$ cat upload-v4.cif   # mmCIF, C-alpha atoms
data_final
loop_
_atom_site.label_atom_id
_atom_site.label_comp_id
_atom_site.auth_asym_id
_atom_site.auth_seq_id
_atom_site.Cartn_x
_atom_site.Cartn_y
_atom_site.Cartn_z
CA MET A 329 94.75 -62.93 -1.26
CA SER A 330 97.75 -64.36 0.67
CA THR A 331 97.54 -66.15 3.96
CA PHE A 332 99.20 -63.15 5.62
CA ASP A 333 96.02 -61.09 5.17
CA HIS A 334 93.94 -63.44 7.29
CA LEU A 335 96.28 -63.35 10.29
CA THR A 336 95.33 -61.40 13.39
CA ILE A 337 97.32 -58.41 14.54
CA ARG A 338 99.01 -60.46 17.22
CA GLN A 339 100.04 -63.13 14.72
CA ARG A 340 101.33 -60.45 12.37
CA CYS A 341 103.32 -58.86 15.10
CA LEU A 342 104.83 -62.18 16.10
CA ALA A 343 105.78 -62.81 12.52
CA LEU A 344 107.61 -59.45 12.21
CA PRO A 345 111.01 -58.68 13.55
CA LYS A 346 111.09 -57.23 17.07
CA ALA A 347 112.19 -53.69 16.11
CA GLN A 348 109.51 -53.39 13.51
CA TYR A 349 106.93 -54.73 15.98
CA PHE A 350 107.64 -51.99 18.48
CA ARG A 351 107.53 -49.38 15.79
CA ASN A 352 104.07 -50.53 14.61
CA THR A 353 102.74 -50.78 18.15
CA LYS A 354 103.74 -47.20 18.90
CA SER A 355 102.07 -45.77 15.77
CA SER A 356 98.80 -47.70 16.41
CA GLY A 357 98.64 -46.34 19.96
CA LYS A 358 98.83 -42.78 18.67
CA MET A 359 96.00 -43.51 16.25
CA ASN A 360 93.78 -44.94 19.00
CA ILE A 361 94.27 -41.79 21.16
CA LYS A 362 93.36 -39.52 18.26
CA ALA A 363 90.24 -41.53 17.53
CA PHE A 364 89.28 -41.45 21.17
CA LEU A 365 89.75 -37.69 21.41
CA PHE A 366 87.74 -37.18 18.21
CA ALA A 367 84.91 -39.31 19.56
CA CYS A 368 84.87 -37.35 22.80
CA CYS A 369 84.71 -34.01 20.98
CA ALA A 370 81.89 -35.29 18.80
CA ALA A 371 79.96 -36.46 21.86
CA VAL A 372 80.39 -33.05 23.54
CA LEU A 373 79.13 -31.23 20.44
CA VAL A 374 76.08 -33.48 20.12
CA ALA A 375 75.23 -33.01 23.80
CA THR A 376 75.47 -29.22 23.45
CA ALA A 377 73.16 -29.20 20.43
CA ASP A 378 70.59 -31.38 22.22
CA ALA A 379 70.64 -29.06 25.22
CA LYS A 380 69.75 -26.05 23.04
CA ARG A 381 66.83 -27.83 21.23
CA PRO A 382 63.41 -27.72 23.13
CA VAL A 383 62.15 -31.03 24.30
CA LYS A 384 58.70 -32.02 23.03
CA ILE A 385 56.76 -34.31 25.25
CA VAL A 386 54.21 -36.27 23.25
CA THR A 387 51.38 -37.57 25.30
CA PRO A 388 49.20 -40.22 23.71
CA PRO A 389 45.54 -39.09 23.41
CA ALA A 390 43.39 -40.40 26.12
CA SER A 391 40.17 -42.13 25.20
CA GLU A 392 36.76 -40.88 26.36
CA GLU A 393 36.64 -43.72 28.84
CA THR A 394 39.87 -42.63 30.54
CA GLN A 395 39.04 -38.83 30.57
CA PRO A 396 37.45 -37.37 33.73
CA SER A 397 33.72 -36.59 33.41
CA HIS A 398 34.11 -32.81 33.92
CA GLN A 399 36.71 -32.59 31.15
CA LEU A 400 34.44 -34.54 28.79
CA MET A 401 31.50 -32.25 29.64
CA HIS A 402 33.58 -29.17 29.03
CA GLN A 403 34.71 -30.50 25.67
CA ARG A 404 31.17 -31.26 24.54
CA VAL A 405 29.88 -27.86 25.70
CA SER A 406 32.66 -26.20 23.75
CA GLU A 407 31.70 -28.16 20.64
CA LEU A 408 28.02 -27.21 21.04
CA MET A 409 28.91 -23.55 21.52
CA ALA A 410 31.07 -23.62 18.43
CA ASP A 411 28.21 -25.17 16.43
CA ARG A 412 25.76 -22.59 17.77
CA VAL A 413 28.04 -19.70 16.89
CA GLY A 414 28.40 -21.07 13.38
CA PHE A 415 24.61 -21.51 13.05
CA LYS A 416 23.92 -17.99 14.28
CA LYS A 417 26.46 -16.60 11.87
CA ASP A 418 24.82 -18.42 8.97
CA MET A 419 21.35 -17.20 10.02
CA THR A 420 22.64 -13.64 10.38
CA ASP A 421 24.11 -13.76 6.91
CA LYS A 422 20.82 -15.05 5.48
CA LEU A 423 18.79 -12.37 7.30
CA ILE A 424 21.12 -9.68 6.01
CA GLU A 425 20.66 -11.01 2.48
CA MET A 426 16.87 -11.07 2.90
CA ASN A 427 16.80 -7.52 4.30
CA GLU A 428 18.97 -6.30 1.47
CA LEU A 429 16.64 -8.00 -1.02
CA GLU A 430 13.57 -6.43 0.61
CA GLU A 431 15.21 -3.01 0.59
CA LEU A 432 16.03 -3.41 -3.08
CA GLU A 433 12.44 -4.41 -3.86
CA ALA A 434 11.11 -1.47 -1.83
CA MET A 435 13.43 0.91 -3.65
CA GLU A 436 12.33 -0.54 -6.99
CA ASP A 437 8.66 -0.07 -6.01
CA LEU A 438 9.36 3.56 -5.15
CA GLU A 439 11.35 4.12 -8.31
CA PHE A 440 8.55 2.65 -10.47
CA PRO A 441 5.41 2.99 -8.31
CA ALA A 442 2.41 0.87 -9.41
CA ASP A 443 4.03 0.37 -12.80
CA GLU A 444 2.00 -2.81 -13.35
CA LEU A 445 -1.23 -0.75 -13.08
CA TYR A 446 -0.36 2.47 -14.90
CA GLY A 447 2.28 1.27 -17.33
CA GLU A 448 3.42 4.81 -18.10
CA TRP A 449 4.83 7.88 -16.35
CA SER A 450 3.77 11.38 -17.38
CA ASN A 451 4.20 14.79 -15.77
CA ASP A 452 1.41 16.62 -17.60
CA TRP A 453 -2.08 15.93 -16.29
CA VAL A 454 -3.58 14.97 -12.94
CA ASP A 455 -5.47 12.26 -14.83
CA PRO A 456 -2.64 10.37 -16.58
CA PHE A 457 -5.15 8.74 -18.96
CA ARG A 458 -6.83 11.97 -20.02
CA GLY A 459 -8.36 11.48 -23.47
CA LYS A 460 -7.48 7.79 -23.51
CA LYS A 461 -9.58 4.66 -23.14
CA ILE A 462 -8.25 2.12 -20.66
CA ASP A 463 -9.45 -1.26 -19.46
CA MET A 464 -10.46 -0.70 -15.84
CA PRO A 465 -9.87 -3.70 -13.53
CA ASP A 466 -12.85 -5.21 -11.74
CA SER A 467 -11.26 -4.63 -8.33
CA CYS A 468 -8.00 -3.71 -6.69
CA ARG A 469 -6.55 -4.33 -3.22
CA ILE A 470 -4.94 -1.21 -1.80
CA ASP A 471 -2.71 -1.27 1.27
CA CYS A 472 -3.38 1.83 3.39
CA SER A 473 -1.66 0.65 6.57
CA THR A 474 1.26 3.09 6.17
CA PHE A 475 -0.94 6.20 5.98
CA VAL A 476 0.34 9.36 7.62
CA LEU A 477 -1.91 12.40 8.12
CA PRO A 478 -0.72 15.21 5.82
CA LEU A 479 -1.14 17.79 8.60
CA ASP A 480 0.59 18.39 11.91
CA THR A 481 -2.39 20.26 13.35
CA MET A 482 -5.90 19.22 14.33
CA THR A 483 -7.90 17.95 11.36
CA TYR A 484 -10.84 20.15 10.46
CA VAL A 485 -12.75 19.42 7.24
CA THR A 486 -14.00 22.66 5.70
CA SER A 487 -15.51 21.15 2.53
CA LYS A 488 -16.46 17.57 1.75
CA TYR A 489 -16.25 15.50 -1.43
CA GLY A 490 -19.15 15.87 -3.87
CA PRO A 491 -21.12 18.46 -5.88
CA ARG A 492 -20.53 22.05 -4.80
CA ARG A 493 -22.14 25.07 -6.42
CA ARG A 494 -22.97 23.00 -9.51
CA ARG A 495 -19.37 21.85 -9.77
CA MET A 496 -17.88 18.54 -8.72
CA HIS A 497 -15.52 18.90 -5.77
CA ARG A 498 -13.21 15.89 -6.18
CA GLY A 499 -11.41 16.10 -2.87
CA ILE A 500 -11.63 17.21 0.74
CA ASP A 501 -10.56 20.61 2.02
CA LEU A 502 -8.61 20.57 5.28
CA LYS A 503 -8.08 23.72 7.32
CA VAL A 504 -4.44 24.88 7.49
CA GLN A 505 -2.64 28.15 8.04
CA LYS A 506 -0.29 29.62 5.50
CA GLY A 507 3.15 28.11 6.03
CA ASP A 508 1.93 24.95 7.82
CA THR A 509 3.91 21.84 6.90
CA ILE A 510 2.21 19.48 4.44
CA ARG A 511 3.42 15.86 4.51
CA ALA A 512 3.18 12.92 2.11
CA ALA A 513 0.30 10.59 3.02
CA PHE A 514 2.17 7.51 1.71
CA SER A 515 5.63 6.78 0.40
CA GLY A 516 5.90 7.38 -3.32
CA LYS A 517 7.34 9.48 -6.14
CA ILE A 518 6.50 13.06 -7.12
CA ARG A 519 4.81 12.90 -10.54
CA ILE A 520 3.62 16.49 -10.95
CA ARG A 521 4.97 19.73 -9.47
CA ASN A 522 3.06 22.53 -11.12
CA PHE A 523 1.02 25.73 -10.84
CA GLU A 524 -2.57 26.24 -12.01
CA ARG A 525 -3.85 29.79 -11.63
CA ARG A 526 -7.58 29.01 -11.89
CA GLY A 527 -7.52 25.68 -10.14
CA TYR A 528 -5.14 23.94 -7.78
CA GLY A 529 -2.67 26.83 -7.51
CA TYR A 530 0.69 25.37 -6.54
CA TYR A 531 0.02 21.65 -6.36
CA LEU A 532 1.75 18.26 -6.17
CA VAL A 533 0.69 14.83 -7.40
CA VAL A 534 2.35 11.82 -5.75
CA ARG A 535 2.03 8.29 -7.11
CA HIS A 536 2.28 5.50 -4.54
CA PRO A 537 3.22 1.81 -4.88
CA ASN A 538 -0.19 0.78 -3.51
CA GLY A 539 -1.87 2.10 -6.68
CA LEU A 540 -3.24 5.37 -5.32
CA GLU A 541 -2.27 8.87 -6.33
CA THR A 542 -2.68 11.77 -3.89
CA VAL A 543 -3.08 15.44 -4.85
CA TYR A 544 -2.08 18.36 -2.61
CA GLY A 545 -3.48 21.71 -3.80
CA HIS A 546 -3.29 25.42 -2.95
CA LEU A 547 0.26 25.20 -1.55
CA SER A 548 2.38 28.29 -0.94
CA LYS A 549 5.77 26.61 -1.45
CA PHE A 550 7.28 23.35 -2.71
CA LEU A 551 9.78 21.41 -0.60
CA VAL A 552 10.43 18.63 -3.14
CA GLU A 553 11.36 18.32 -6.80
CA ARG A 554 9.62 16.49 -9.62
CA ASP A 555 10.49 12.76 -9.87
CA GLU A 556 11.83 12.82 -6.31
CA ILE A 557 11.19 9.80 -4.08
CA VAL A 558 9.52 10.68 -0.77
CA LYS A 559 8.72 8.71 2.37
CA ALA A 560 5.40 8.66 4.22
CA GLY A 561 5.28 11.66 6.55
CA GLN A 562 8.08 13.52 4.75
CA PRO A 563 7.46 17.30 4.35
CA ILE A 564 6.63 18.06 0.71
CA GLY A 565 5.21 21.59 0.83
CA LEU A 566 3.74 24.45 2.85
CA GLY A 567 0.06 25.27 3.17
CA GLY A 568 -1.29 28.31 1.37
CA ASN A 569 -4.10 30.03 -0.50
CA THR A 570 -2.99 29.92 -4.14
CA GLY A 571 -5.15 29.22 -7.18
CA ARG A 572 -8.95 29.17 -7.01
CA SER A 573 -9.31 29.43 -3.25
CA THR A 574 -11.22 31.64 -0.83
CA GLY A 575 -9.07 30.91 2.21
CA SER A 576 -5.96 29.12 3.35
CA HIS A 577 -6.57 25.36 3.19
CA LEU A 578 -5.23 22.09 1.79
CA HIS A 579 -7.18 20.50 -1.06
CA PHE A 580 -6.52 16.76 -0.67
CA GLU A 581 -7.52 14.18 -3.29
CA THR A 582 -7.16 10.43 -3.61
CA ARG A 583 -7.25 9.00 -7.13
CA PHE A 584 -7.09 5.54 -8.65
CA LEU A 585 -6.14 5.21 -12.32
CA GLY A 586 -6.97 8.87 -12.72
CA GLN A 587 -10.47 8.57 -11.23
CA ALA A 588 -11.23 10.56 -8.06
CA ILE A 589 -12.32 8.59 -5.00
CA ASN A 590 -13.85 10.12 -1.89
CA PRO A 591 -10.93 10.36 0.59
CA ALA A 592 -13.40 9.94 3.47
CA GLU A 593 -14.01 6.36 2.30
CA ILE A 594 -10.34 5.62 2.87
CA ILE A 595 -9.37 7.87 5.78
CA ASP A 596 -11.14 8.55 9.06
CA PHE A 597 -10.18 12.24 9.27
CA GLU A 598 -11.79 12.64 12.67
CA ASN A 599 -9.34 10.14 14.18
CA SER A 600 -6.57 10.65 11.58
CA VAL A 601 -6.27 6.93 10.77
CA PRO A 602 -7.20 4.74 7.77
CA ARG A 603 -10.59 3.10 8.09
CA GLN A 604 -9.05 -0.26 7.20
CA ASP A 605 -5.53 -1.45 6.49
CA ILE A 606 -6.59 -3.12 3.23
CA PHE A 607 -9.27 -1.72 0.94
CA VAL A 608 -10.79 -3.58 -1.97
CA PHE A 609 -12.09 -1.06 -4.48
CA ARG A 610 -14.68 -2.39 -6.87
CA ASN A 611 -15.58 -1.07 -10.27
CA VAL A 612 -19.25 -0.09 -10.35
CA LYS A 613 -21.10 -2.02 -13.06
CA ILE A 614 -24.01 -0.30 -14.75
CA ASN A 615 -26.31 -2.61 -16.69
CA GLY A 616 -23.63 -5.29 -16.48
CA ARG A 617 -20.94 -3.09 -18.02
CA LYS A 618 -17.81 -1.70 -16.42
CA SER A 619 -17.72 2.00 -15.67
CA ASN A 620 -15.07 4.43 -14.54
CA ILE A 621 -16.63 4.66 -11.08
CA TYR A 622 -14.96 3.05 -8.07
CA THR A 623 -16.32 2.57 -4.59
CA SER A 624 -15.17 0.68 -1.49
CA SER A 625 -18.67 -0.32 -0.40
CA ASN A 626 -21.75 -1.82 -2.02
CA ASN A 627 -23.97 0.84 -0.40
CA GLN A 628 -22.01 4.00 -1.18
CA MET A 629 -23.41 6.79 -3.34
CA VAL A 630 -21.82 6.87 -6.77
CA TYR A 631 -21.41 9.49 -9.47
CA HIS A 632 -22.09 9.42 -13.18
CA ARG A 633 -19.88 11.29 -15.63
CA VAL A 634 -21.96 12.91 -18.32
CA LYS A 635 -21.28 11.74 -21.88
CA SER A 636 -22.54 12.92 -25.22
CA GLY A 637 -26.26 12.15 -25.56
CA ASP A 638 -26.93 11.85 -21.81
CA THR A 639 -30.08 13.46 -20.39
CA LEU A 640 -31.46 13.64 -16.87
CA GLY A 641 -34.17 11.17 -17.82
CA LYS A 642 -31.70 8.71 -19.30
CA ILE A 643 -29.40 8.93 -16.26
CA ALA A 644 -32.36 8.56 -13.89
CA ARG A 645 -33.55 5.41 -15.68
CA MET A 646 -30.02 4.03 -15.74
CA TYR A 647 -29.69 4.32 -11.98
CA GLY A 648 -33.30 3.50 -11.11
CA MET A 649 -34.41 6.87 -9.73
CA THR A 650 -36.55 9.87 -10.65
CA VAL A 651 -35.47 13.03 -12.40
CA ASN A 652 -36.69 15.07 -9.42
CA GLU A 653 -34.57 13.06 -7.03
CA LEU A 654 -31.60 13.43 -9.36
CA CYS A 655 -32.13 17.21 -9.46
CA ARG A 656 -32.48 17.41 -5.67
CA LEU A 657 -29.23 15.51 -5.08
CA ASN A 658 -27.29 17.75 -7.46
CA GLY A 659 -29.00 21.11 -6.99
CA LEU A 660 -30.26 21.11 -10.59
CA LYS A 661 -33.50 21.89 -12.37
CA SER A 662 -35.22 19.63 -14.86
CA THR A 663 -34.35 22.20 -17.54
CA SER A 664 -30.65 22.42 -16.57
CA THR A 665 -28.16 21.87 -19.38
CA LEU A 666 -25.69 19.07 -18.73
CA ARG A 667 -22.05 19.57 -19.64
CA ILE A 668 -19.97 16.74 -21.07
CA GLY A 669 -17.64 15.52 -18.33
CA GLN A 670 -19.88 16.81 -15.54
CA SER A 671 -20.32 14.42 -12.59
CA ILE A 672 -23.87 13.74 -11.43
CA ARG A 673 -24.51 12.21 -8.03
CA CYS A 674 -26.72 9.11 -8.25
CA SER A 675 -28.32 6.91 -5.61
CA ALA A 676 -27.27 3.64 -7.27
CA GLY A 677 -24.60 1.47 -5.72
CA VAL A 678 -22.52 -1.40 -6.98
CA GLU A 679 -25.59 -3.53 -7.40
CA ALA A 680 -27.35 -0.99 -9.64
CA SER A 681 -28.16 -3.52 -12.36
CA SER A 682 -29.63 -6.08 -9.96
CA THR A 683 -31.73 -3.37 -8.26
CA LYS A 684 -33.19 -2.33 -11.58
CA LYS A 685 -34.25 -5.91 -12.27
CA ALA A 686 -35.95 -6.09 -8.88
CA ALA A 687 -37.73 -2.82 -9.62
CA ALA A 688 -39.00 -4.09 -12.94
CA SER A 689 -40.40 -7.26 -11.41
CA THR A 690 -42.04 -5.31 -8.58
CA ALA A 691 -43.74 -2.85 -10.91
CA LYS A 692 -45.53 -5.49 -13.02
CA PRO A 693 -48.55 -6.04 -10.66
CA ALA A 694 -49.75 -2.47 -11.30
CA THR A 695 -52.93 -2.66 -13.44
CA LYS A 696 -55.28 -0.30 -15.22
CA ALA A 697 -57.77 -0.54 -12.38
CA ALA A 698 -55.20 0.93 -10.06
CA ALA A 699 -54.92 4.00 -12.28
CA LYS A 700 -58.40 5.26 -11.28
CA LYS A 701 -57.51 5.79 -7.62
CA ALA A 702 -54.58 6.27 -5.34
CA ILE A 703 -52.94 2.94 -4.63
CA THR A 704 -50.27 1.74 -2.22
CA VAL A 705 -47.38 -0.30 -3.61
CA LYS A 706 -44.46 -1.71 -1.60
CA ALA A 707 -41.19 -1.32 -3.45
CA ASP A 708 -37.55 -0.51 -3.00
CA ALA A 709 -35.95 2.84 -3.78
CA SER A 710 -35.28 2.10 -7.43
CA ALA A 711 -38.83 0.77 -7.97
CA ALA A 712 -40.22 4.21 -7.16
CA ALA A 713 -39.19 5.47 -10.57
CA SER A 714 -40.54 2.44 -12.44
CA LEU A 715 -44.25 2.59 -11.38
CA PRO A 716 -46.90 3.91 -13.79
CA GLN A 717 -47.33 7.69 -13.97
CA THR A 718 -50.92 7.38 -12.66
CA ALA A 719 -49.86 5.87 -9.37
CA ALA A 720 -50.59 8.46 -6.68
CA THR A 721 -48.82 7.04 -3.63
CA ILE A 722 -45.59 5.12 -3.30
CA ILE A 723 -44.78 3.61 0.08
CA GLN A 724 -41.49 1.90 0.73
CA ASP A 725 -41.04 -0.79 3.32
CA GLY A 726 -38.68 -0.66 6.28
CA SER A 727 -36.77 2.56 6.86
CA ALA A 728 -36.51 3.45 3.16
CA PRO A 729 -37.88 6.85 2.03
CA VAL A 730 -41.62 7.24 1.29
CA TYR A 731 -42.69 9.22 -1.79
CA HIS A 732 -46.02 10.81 -2.79
CA ARG A 733 -46.95 11.48 -6.42
CA ILE A 734 -48.71 14.88 -6.76
CA LYS A 735 -52.26 14.85 -8.13
CA SER A 736 -54.89 17.50 -8.72
CA GLY A 737 -55.94 19.30 -5.51
CA ASP A 738 -52.89 18.28 -3.42
CA THR A 739 -51.31 20.86 -1.12
CA LEU A 740 -48.31 20.68 1.21
CA GLY A 741 -50.62 20.82 4.24
CA ALA A 742 -52.82 17.99 2.98
CA ILE A 743 -49.82 15.81 2.10
CA ALA A 744 -48.18 16.49 5.49
CA LYS A 745 -51.39 15.63 7.34
CA ARG A 746 -51.81 12.44 5.31
CA TYR A 747 -48.33 11.13 6.14
CA GLY A 748 -48.22 12.34 9.73
CA THR A 749 -45.49 14.92 9.24
CA THR A 750 -45.17 18.69 9.04
CA VAL A 751 -44.96 21.12 6.14
CA GLN A 752 -41.53 22.26 7.33
CA LYS A 753 -40.27 18.67 7.31
CA LEU A 754 -41.61 18.17 3.78
CA CYS A 755 -39.82 21.31 2.64
CA GLU A 756 -36.54 20.19 4.22
CA LEU A 757 -36.74 16.71 2.65
CA ASN A 758 -37.49 18.06 -0.83
CA GLY A 759 -35.51 21.29 -0.88
CA ILE A 760 -38.57 23.48 -1.45
CA THR A 761 -40.34 26.33 0.33
CA LYS A 762 -43.92 26.77 1.55
CA THR A 763 -44.72 28.90 -1.49
CA THR A 764 -43.37 26.41 -4.06
CA VAL A 765 -45.91 25.53 -6.77
CA LEU A 766 -46.53 21.79 -6.90
CA ARG A 767 -46.58 20.28 -10.38
CA LEU A 768 -48.85 17.39 -11.25
CA GLY A 769 -46.96 14.09 -11.36
CA ARG A 770 -44.08 15.33 -9.20
CA SER A 771 -42.82 12.97 -6.50
CA LEU A 772 -42.40 14.37 -2.99
CA ARG A 773 -40.41 12.60 -0.33
CA CYS A 774 -42.47 12.27 2.81
CA SER A 775 -40.14 10.44 5.24
#
$ encode --input "upload-v4.cif" --output "structure tokens"
Amino acid sequence: MSTFDHLTIRQRCLALPKAQYFRNTKSSGKMNIKAFLFACCAAVLVATADAKRPVKIVTPPASEETQPSHQLMHQRVSELMADRVGFKKDMTDKLIEMNELEELEAMEDLEFPADELYGEWSNDWVDPFRGKKIDMPDSCRIDCSTFVLPLDTMTYVTSKYGPRRRRMHRGIDLKVQKGDTIRAAFSGKIRIRNFERRGYGYYLVVRHPNGLETVYGHLSKFLVERDEIVKAGQPIGLGGNTGRSTGSHLHFETRFLGQAINPAEIIDFENSVPRQDIFVFRNVKINGRKSNIYTSSNNQMVYHRVKSGDTLGKIARMYGMTVNELCRLNGLKSTSTLRIGQSIRCSAGVEASSTKKAAASTAKPATKAAAKKAITVKADASAAASLPQTAATIIQDGSAPVYHRIKSGDTLGAIAKRYGTTVQKLCELNGITKTTVLRLGRSLRCS
């Protein structure tokens, strides 16, 4: 680099000739004007662009200490409300999920009602275990809280559960008119939709998730199909007079594992409500063994189903009662022929086996000396059948019945006078007439 490059403009101009100096000065002035004009135009363009762009004012966040108290309160309330809305939304979602789950479970129960008890689904017989041996549970809790009366009209029972004209009536007859609406007693599924000319007529069998099955007989028309799911109170048929029937009525049965249970033990038909919301049905044990008899109370009358080899004497001993009492309860004679499958009403309850033991222990004090004359022995109802045949008088304590064993020379008048009653009362208690011949050794109920 030469020394000329380090000289200032003024020094350069002084070093040049005068004509050249003026020429350079003129050209530099033009360049300065152009630069100035260019700078001005650029400034104008920048100002125009800034004017069109919105101005953002950034305010530094104020601390809680510098905010007014009402603004702080409003902010906190807003946060709490937001949290509450979120909590309610979460709870609503959970409740919806729970309701959906419950609905699914309820639908599954209706689709497969009491599947854990029955284990099979058949559309053939009212008793699904007909001809089969099953292991009966000791007890079962049955929810009856959702019961709906099958009728829309006043409830009038025309025939009760039990023996009727030497046949077992396994349900209750309710008075209806032909065409009256019949409703499902509980929610469930239609298992049988059939016709039986010499029995139920047009009838339905509904299985319920609580373990019961209900039978509706003598209908005139069906309103549902087989395997259809029905709700409690839903119309399922119309009342009628079909099948073995002498008048328009509804034959209503309640069954558990195929075994008939007295509907009056479950339902208070007078008030049209269940007697209890939860029933515990117990299997009646005879001599310590399970039977196919179920009852909801320890004091209820029970029924024995006749099997091959059964006799009136054998059944009477099994239940701790006399043959005469057994015949009186069932309208039979001592010479009546028992049919296999026939149900015999017995006076034994759930505690039949324990009562028999008590009877045996009570009967032991009877001695030979007592056989020579009429004696008085205090015993319970089952002990009456266990005393020696020579015992003439059997008196039971408390309000239990009193029995007299017939001996030579006894008449209805003499027996009535002895026990402070009347001949008519004796006849009513024993189902006899004034002209009935008294047999030696027969037991007569006296109170």
$ closest_residue --input "upload-v4.cif" --among "A:Ile424, A:Met464, A:Leu640, A:Val634" --to "Gln670 in chain A" --atoms "all atoms listed in the file"
A:Val634
$ closest_residue --input "upload-v4.cif" --among "A:His536, A:Lys503, A:Lys461, A:Arg572" --to "Leu438 in chain A" --atoms "only C-alpha atoms"
A:His536
$ resolve_selection --input "upload-v4.cif" --expression "the PyMOL selection byres ((chain A and resi 467) around 7)" --output "ChimeraX atom specification"
/A:465-466,468-469,608-611
$ axis_aligned_box --input "upload-v4.cif" --around "range 587-591 of chain A" --padding-each-side "5 Å" --output "JSON"
{"center_x": -12.2, "center_y": 9.6, "center_z": -5.3, "size_x": 13.4, "size_y": 12.0, "size_z": 21.8}
$ residues_around --input "upload-v4.cif" --residues "range 537-542 of chain A" --least-positions-apart "4" --cutoff "9 Å" --atoms "only C-alpha atoms" --output "list in words"
Asp437, Leu438, Phe440, Pro441, Ala442, Asp443, Leu445, Tyr446, Cys468, Arg469, Ile470, Asp471, Cys472, Ala512, Ala513, Phe514, Ser515, Gly516, Lys517, Leu532, Val533, Phe580, Glu581, Thr582, Arg583, Phe584, Leu585 and Gly586 of chain A
$ resolve_selection --input "upload-v4.cif" --expression "the PyMOL selection byres ((chain A and resi 475) around 8)" --output "list in words"
Cys472, Ser473, Thr474, Val476, Leu477, Ala513, Phe514, Ala560, Val601 and Pro602 of chain A
$ write_last_selection --input "upload-v4.cif" --atoms "C-alpha atoms" --output "short mmCIF file (atom, residue, chain, number, x, y, z; two decimals), in the coordinates of the input"
data_model
loop_
_atom_site.label_atom_id
_atom_site.label_comp_id
_atom_site.auth_asym_id
_atom_site.auth_seq_id
_atom_site.Cartn_x
_atom_site.Cartn_y
_atom_site.Cartn_z
CA CYS A 472 -3.38 1.83 3.39
CA SER A 473 -1.66 0.65 6.57
CA THR A 474 1.26 3.09 6.17
CA VAL A 476 0.34 9.36 7.62
CA LEU A 477 -1.91 12.40 8.12
CA ALA A 513 0.30 10.59 3.02
CA PHE A 514 2.17 7.51 1.71
CA ALA A 560 5.40 8.66 4.22
CA VAL A 601 -6.27 6.93 10.77
CA PRO A 602 -7.20 4.74 7.77
#
$ resolve_selection --input "upload-v4.cif" --expression "the PyMOL selection byres ((chain A and resi 654) around 10)" --output "list in words"
Leu640, Gly641, Ile643, Ala644, Tyr647, Met649, Thr650, Val651, Asn652, Glu653, Cys655, Arg656, Leu657, Asn658, Gly659, Leu660, Lys661, Ser662, Ile672, Arg673, Cys674 and Ser675 of chain A
$ residues_around --input "upload-v4.cif" --residues "Arg521 in chain A" --least-positions-apart "4" --cutoff "9 Å" --atoms "all atoms listed in the file" --output "tab-separated table (two decimals) with C-alpha atoms, in the frame of the given file"
chain	number	residue	atom	x	y	z
A	451	ASN	CA	4.20	14.79	-15.77
A	530	TYR	CA	0.69	25.37	-6.54
A	531	TYR	CA	0.02	21.65	-6.36
A	532	LEU	CA	1.75	18.26	-6.17
A	533	VAL	CA	0.69	14.83	-7.40
A	550	PHE	CA	7.28	23.35	-2.71
A	552	VAL	CA	10.43	18.63	-3.14
A	553	GLU	CA	11.36	18.32	-6.80
A	554	ARG	CA	9.62	16.49	-9.62
A	555	ASP	CA	10.49	12.76	-9.87
$ closest_residue --input "upload-v4.cif" --among "A:Gly571, A:Ser600, A:Tyr484, A:Met435" --to "Val558 in chain A" --atoms "only C-alpha atoms"
A:Met435
$ closest_residue --input "upload-v4.cif" --among "A:Thr420, A:Thr481, A:Ser775, A:Asn522" --to "Glu756 in chain A" --atoms "only C-alpha atoms"
A:Ser775
$ atom_distance --input "upload-v4.cif" --atom1 "CA of Ser450 in chain A" --atom2 "CA of Arg519 in chain A"
7.1 Å
$ closest_residue --input "upload-v4.cif" --among "A:Met426, A:Leu408, A:Met482, A:Ile520" --to "Asp452 in chain A" --atoms "all atoms listed in the file"
A:Ile520
$ atom_distance --input "upload-v4.cif" --atom1 "CA of Asp596 in chain A" --atom2 "CA of Arg535 in chain A"
20.9 Å
$ atom_distance --input "upload-v4.cif" --atom1 "CA of Asn599 in chain A" --atom2 "CA of Ser548 in chain A"
26.4 Å
$ decode --input "upload-v4.cif" --residues "range 554-559 of chain A" --atoms "N, CA and C atoms" --output "PDB file, in the first residue's frame"
ATOM      1  N   ARG A 554     -91.883 -68.273  23.442  1.00  0.00           N
ATOM      2  CA  ARG A 554     -90.932 -69.071  24.209  1.00  0.00           C
ATOM      3  C   ARG A 554     -89.543 -68.462  24.106  1.00  0.00           C
ATOM      4  N   ASP A 555     -88.788 -68.517  25.210  1.00  0.00           N
ATOM      5  CA  ASP A 555     -87.429 -67.964  25.325  1.00  0.00           C
ATOM      6  C   ASP A 555     -87.415 -66.439  25.263  1.00  0.00           C
ATOM      7  N   GLU A 556     -88.553 -65.814  25.460  1.00  0.00           N
ATOM      8  CA  GLU A 556     -88.610 -64.348  25.469  1.00  0.00           C
ATOM      9  C   GLU A 556     -88.344 -63.832  26.880  1.00  0.00           C
ATOM     10  N   ILE A 557     -87.589 -62.751  26.985  1.00  0.00           N
ATOM     11  CA  ILE A 557     -87.303 -62.125  28.278  1.00  0.00           C
ATOM     12  C   ILE A 557     -88.454 -61.174  28.626  1.00  0.00           C
ATOM     13  N   VAL A 558     -88.955 -61.282  29.854  1.00  0.00           N
ATOM     14  CA  VAL A 558     -90.064 -60.449  30.300  1.00  0.00           C
ATOM     15  C   VAL A 558     -89.672 -59.731  31.586  1.00  0.00           C
ATOM     16  N   LYS A 559     -90.304 -58.601  31.808  1.00  0.00           N
ATOM     17  CA  LYS A 559     -90.086 -57.813  33.016  1.00  0.00           C
ATOM     18  C   LYS A 559     -91.220 -58.062  34.006  1.00  0.00           C
TER      19      LYS A 559
END
